[in-house]
Each structure stands twice: as structure tokens, then as C-alpha cells.
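Peer 1: Take a look at the following structure, please.
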Amino acid sequence: MSQRKLEDIMAEVRSFPSIPGAAVKLLTVLDNPDTPASKIEETLRYDPGLTANVLKLTNSAYFGFPAKIGSVRQAVTLIGTKRLIQIVMLSCVSAVMDKPVPGYDLPPGELWRHSIAVSVAAEGLVKEQSIPAADEIFTAALLHDVGKLILGGFLKEDIKKIELAASRGMSFEMAEHSVFETNHAEIGALILKNWSLPLQIVDAVRWHHTPDAAGKTNPVLDLVHVADVLSLMIGIGVGKEGLQYEPSMAATRRLGLKPIHLEKVASQTLERINELSDVFGSK
Amino acid sequence: MRFVVEVGDMKVGGGDDLLLTLALGSCLGLMVYDPAVQVGGILHAMLPLSRINPEKAQSNPFMFVDTGVPALFKALYDLGGHKTRMIVKAAGCGNPLGENEMFKIGERNYTVLKKLLWKNNILLESEDVGGSASRTVYLELSTGQTIISSKGKKWEL
């Protein structure tokens with residue numbers, strides 16, 4: 001029974017929509033720091049929707065460039081490739097992540113707001129603590145819960161079993177595992193692997209609730225882990241499972257965090273989330 | 001009218017108004033009601049103490065328990081409410097699992113609230129705080145009825 005369910009879940013992973021071809025192409029292009037702006041412009045030209053979104057985001061309050069940026073070429077020169085990757089990822093995944101998530105009881109737009117919140121909080125922690133973290137942090141944070149889009153449907157069907165498991169006090173991803181032999185973090189990692197995203201991002205998503213089980217420590221993973229719990233605590237994207245996750249002591253120690261850091265970042269996060277989600281017209 | 005109180009915000013009203021606030025995780029939801037004049041309000045405060053970000057507290061006192069609670073009472077006094085008649089209820093202040101003190105913001109929110117109320121001789125009429133559940137609160141201002149909804153169930157606070 002459970003084996004068949006796992007097979008059904010994996011079938012959905014295989015048929016999950018991919019991110020637009022232009023995005024994958026662009027990520028490869030951007031991977032090379034010497035890519036000329038003209039090459040990036042050329043890649044984006046084939047996707048006018050993406051180009052429009054990139055320019056809209058570039059000019060948003062969140063990125064805070066004083067001058068109006070009117071072309072992709074100008075954007076590349078002014079904001080650099082690191083920010084451009086973030087902007088491209090934001091545009092590409094918003095359509096996927098904006099959907100309601102049954103099972104977890106997330107209304108339309110709430111998973112997206114949560115994804116933005118975790119990205120913003122993770123970047124806030126990096127800044128607050130001057131943590132040397134890779135550029136992948138923003139994308140990993142943005143996509144950490146993509147697995148919920150698949151598991152949500154299965155969760156809904158088996159909600160009684162999940163609730164029974166969760167009522168024993170175990171963390172929610174363990175409750176998922178006890179019923180499905182997988183959890184939303186693992187499913188998310190499989191999706192991103194199919195998207196051919198860098199391994200560091202795939203791993204950060206895979207272990208975002210259990211960073212100590214990852215085998216190899218990594219600040220990107222620790223940051224996504226901490227930022228995720230923090231965002232749930234302030235009520236952004238908090239679903240049926242509430243706060244039923246266990247923050248890792250080791251991860252906060254590795255990052256050198258103190259309570260004041262978490263609270264300070266939380267106090268700065270709300271406004272920045274609104275700046276970003278305003279661009280997409282959601283709440 | 002139906003008003004949604006966002007995270008780090010406060011709303012007051014009276015008469016036929018219905019106030020609600022969604023997704024209280026570790027945040028404090030404070031409901032204050034004066035039945036004699038039928039005015040009340042909800043505060044949805046995120047963090048215990050304003051001193052971690054004084055600038056933010058200046059622009060938005062409702063983000064913090066220590067600045068938000070006095071602001072809520074003051075707003076109700078302005079609407080004709082009186083301290084001795086106020087019915088005060090608390091919800092939220094949840095925490096994730098485990099013993100990591102850093103993430104016990106909910107617990108700290110509750111501690112600061114209790115201290116503030118105690119200093120001002122105010123008692124909580126009822127509370128539904130702690131645990132790991134997320135809560136939504138409805139406050140009906142014609143009756144003062146306070147309903148909590150969490151994990152698909154509803155009950156009166």
C-alpha cells in the first residue's frame with residue numbers, strides 16, 4: 001500500500017513542470033562570470049515575459065536602485081550577475097510557487113510569500129552575522145518547500161494518519177516520512193535535481209529540516225534551516241502543521257547566532273517581504 | 001465591517017465590527033474589550049522588546065509587545081474604553097519543538113506581556129498560549145465573543 005503510494009509520488013515528481021528553458025539556459029550562462037551582457041540579453045530575448053518580469057523586479061523597491069533601469073543590458077551592468085540570477089529565479093518560480101497547497105492548508109500565494117520570506121530572512125542573517133555564504137542561498141531558500149506542491153495532495157488523502165503520527169510529538173517531516181516513506185524536503189530535492197540545479201541548492205533543500213543529518217555541514221543549508229523556522233514563527237506560510245519542526249542547536253551554533261540576531265532579523269524582514277511580493281501583485 | 005489585523009499591526013473598533021488575525025505562530029495576539037461601550041481591539045505583536053530595533057519601534061510600535069500593548073490600551077481609551085472594565089485575553093506565543101532557547105520567541109513574548117500587565121494591575125481573563133499550533137482569532141465587537149480557530153477546530157476563548 002505504502003509502496004504504491006511512494007510510486008505515485010515519484011510519478012508526480014517525474015511529471016512536475018520544469019522551469020522555463022530560458023531560465024536553465026541563463027543559469028548556465030550566468031555560471032560563467034565572464035559572460036558578456038550581450039549574451040545574457042540574447043538569451044532573455046526569446047522570453048519576453050521573463051524579460052518584462054526581470055525589469056519590473058530590478059526596478060522594485062526591494063533592490064533599491066536609484067535610477068530607472070530600462071534594458072536587460074543596463075541591468076546586467078548595474079546590478080551584476082549575482083543579483084540577476086536571483087531576479088531570474090524569482091520570476092521563473094513565482095508562477096509555480098504561487099499556487100494554493102492543499103493538505104498543508106496554504107491559500108493561494110501563501111507558499112510564495114513564505115518562500116520570499118525565507119530568502120529575505122536568510123539574506124538578513126548573512127548580513128547581520130557577516131556569514132560567508134555562497135550566492136546559492138537566495139535560490140535555495142526560494143525553492144526549499146517546492147516539494148509541498150506534490151506532497152500536499154497526498155497529505156490531504158491521508159491526513160488522519162499524518163495527524164495521528166504528528167500527535168505523538170514528532171516533527172512534521174518525520175510524521176510525513178512515517179506515512180509516505182519520504183517527506184516534502186526529499187521530494188523538493190528530487191524536483192530540483194530534475195531541473196539540473198547545482199548540487200549545493202539540491203542538498204540545502206533536501207536537508208532543510210534536518211541539517212545535522214546532511215553528512216557535510218554547509219552555511220547555505222544551516223541558513224535555510226534557521227530562516228525557514230523563523231518565517232513560520234512570524235506566521236508567514238505557516239500551515240496545518242504549525243511550528244511542528246525542531247530547530248537544530250548545532251546549526252545555530254555553527255552560524256554563531258544569538259537570540260538578539262534572530263529577533264533583529266525578524267524585525268527587518270516583514271517590510272522587505274512586502275517590497276518583493278508587491279511586485280508580483282500578491283498580498 | 002470585517003478587519004484583518006496583519007502581523008505587527010493593531011486594529012480597534014466597535015459596534016458591528018469583526019476583527020480577526022491569522023496565523024499566530026510565536027507572535028502574541030492580544031484581545032482587549034470594554035463591554036460597557038462595546039469597543040475593543042486586537043494587537044498582533046511579533047517580538048518581545050523594542051530595544052532590539054528602536055527605529056522600527058518608532059515607526060511601528062505594534063511590532064513589539066512592550067510598545068504595542070500600551071498603544072492598544074491607549075487607542076481604546078480614546079474610543080471611550082475604561083481600564084477597570086477591560087476584558088483582556090491572550091493567544092499565540094507558540095514555539096517550535098525542542099529545547100533551542102533561541103527560538104523561544106513565543107515564550108519571551110508571553111513573559112513580557114505578563115510583566116506589563118502585572119505592573120499595571122491587569123489580569124488576563126483567559127488565554128490560549130504556547131504549544132506548536134498556529135492560531136487564528138476572531139473578536140466580535142458587539143458581544144466581545146472571542147473565537148480561536150486552530151487545526152480545523154474552533155472554540156471560544
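Following the order of the C-alpha cells, chains are lettered A, B, ..., residues in each are numbered from 1, and ligands are numbered from 1.
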Taking only C-alpha atoms into account, produce a table as a Markdown table in which each residue of chain B with an atom at most 8 Å from an atom of chain A appears once, together with its shortest atom pair and the distance in Å to one decimal, ordered by chain and rising number.

Peer 2:
| residue | atom | partner | partner_atom | distance |
| --- | --- | --- | --- | --- |
| B:Val7 | CA | A:Ile234 | CA | 7.5 |
| B:Leu22 | CA | A:Gly235 | CA | 7.9 |
| B:Ala23 | CA | A:Gly235 | CA | 5.0 |
| B:Leu24 | CA | A:Gly235 | CA | 5.7 |
| B:Gly25 | CA | A:Met233 | CA | 4.8 |
| B:Ser26 | CA | A:Met233 | CA | 5.0 |
| B:Cys27 | CA | A:Ile234 | CA | 6.1 |
| B:Met46 | CA | A:Ile234 | CA | 6.4 |
| B:Leu47 | CA | A:Glu263 | CA | 6.8 |
| B:Ile52 | CA | A:Lys264 | CA | 6.0 |
| B:Asn53 | CA | A:Lys264 | CA | 6.6 |
| B:Lys56 | CA | A:Ser267 | CA | 7.5 |
| B:Met63 | CA | A:Ser267 | CA | 7.6 |
| B:Gly94 | CA | A:Leu243 | CA | 7.5 |
| B:Asn95 | CA | A:Leu243 | CA | 6.5 |
| B:Pro96 | CA | A:Leu243 | CA | 4.7 |
| B:Leu97 | CA | A:Glu246 | CA | 4.6 |
| B:Gly98 | CA | A:Glu246 | CA | 5.5 |
| B:Asn100 | CA | A:Met249 | CA | 5.9 |
| B:Glu101 | CA | A:Pro259 | CA | 7.8 |
| B:Met102 | CA | A:Pro259 | CA | 4.7 |
| B:Phe103 | CA | A:Pro259 | CA | 7.3 |
| B:Ile105 | CA | A:Glu263 | CA | 7.9 |
| B:Ser132 | CA | A:Leu243 | CA | 4.7 |
| B:Ala133 | CA | A:Gly242 | CA | 4.6 |
| B:Ser134 | CA | A:Gly242 | CA | 4.7 |
| B:Lys151 | CA | A:Lys240 | CA | 6.0 |

Peer 1: Taking into account only C-alpha atoms, which residue in the set A:Leu151, A:Ala214, A:Val179, A:Ala251 is nearest to Glu12 (chain A)?

Peer 2: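 Using only C-alpha atoms, Glu12 (chain A) sits closest to A:Leu151.
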
Peer 1: CA of Ile85 (chain A) and CA of Ala67 (chain A), how far apart in Å?

Peer 2: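 Computed distance, CA of Ala67 (chain A) to CA of Ile85 (chain A), equals 20.1 Å.
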
Peer 1: Within 10 Å of Phe73 (chain B), counting only C-alpha atoms, which residues qualify if same-chain residues fewer than 5 places away don't, as a list in words?

Peer 2: Val12, Val32, Tyr33, Gly40, Gly41, Leu43, Gly68, Asp78, Leu79, Gly81, His82, Lys83 and Met86 of chain B
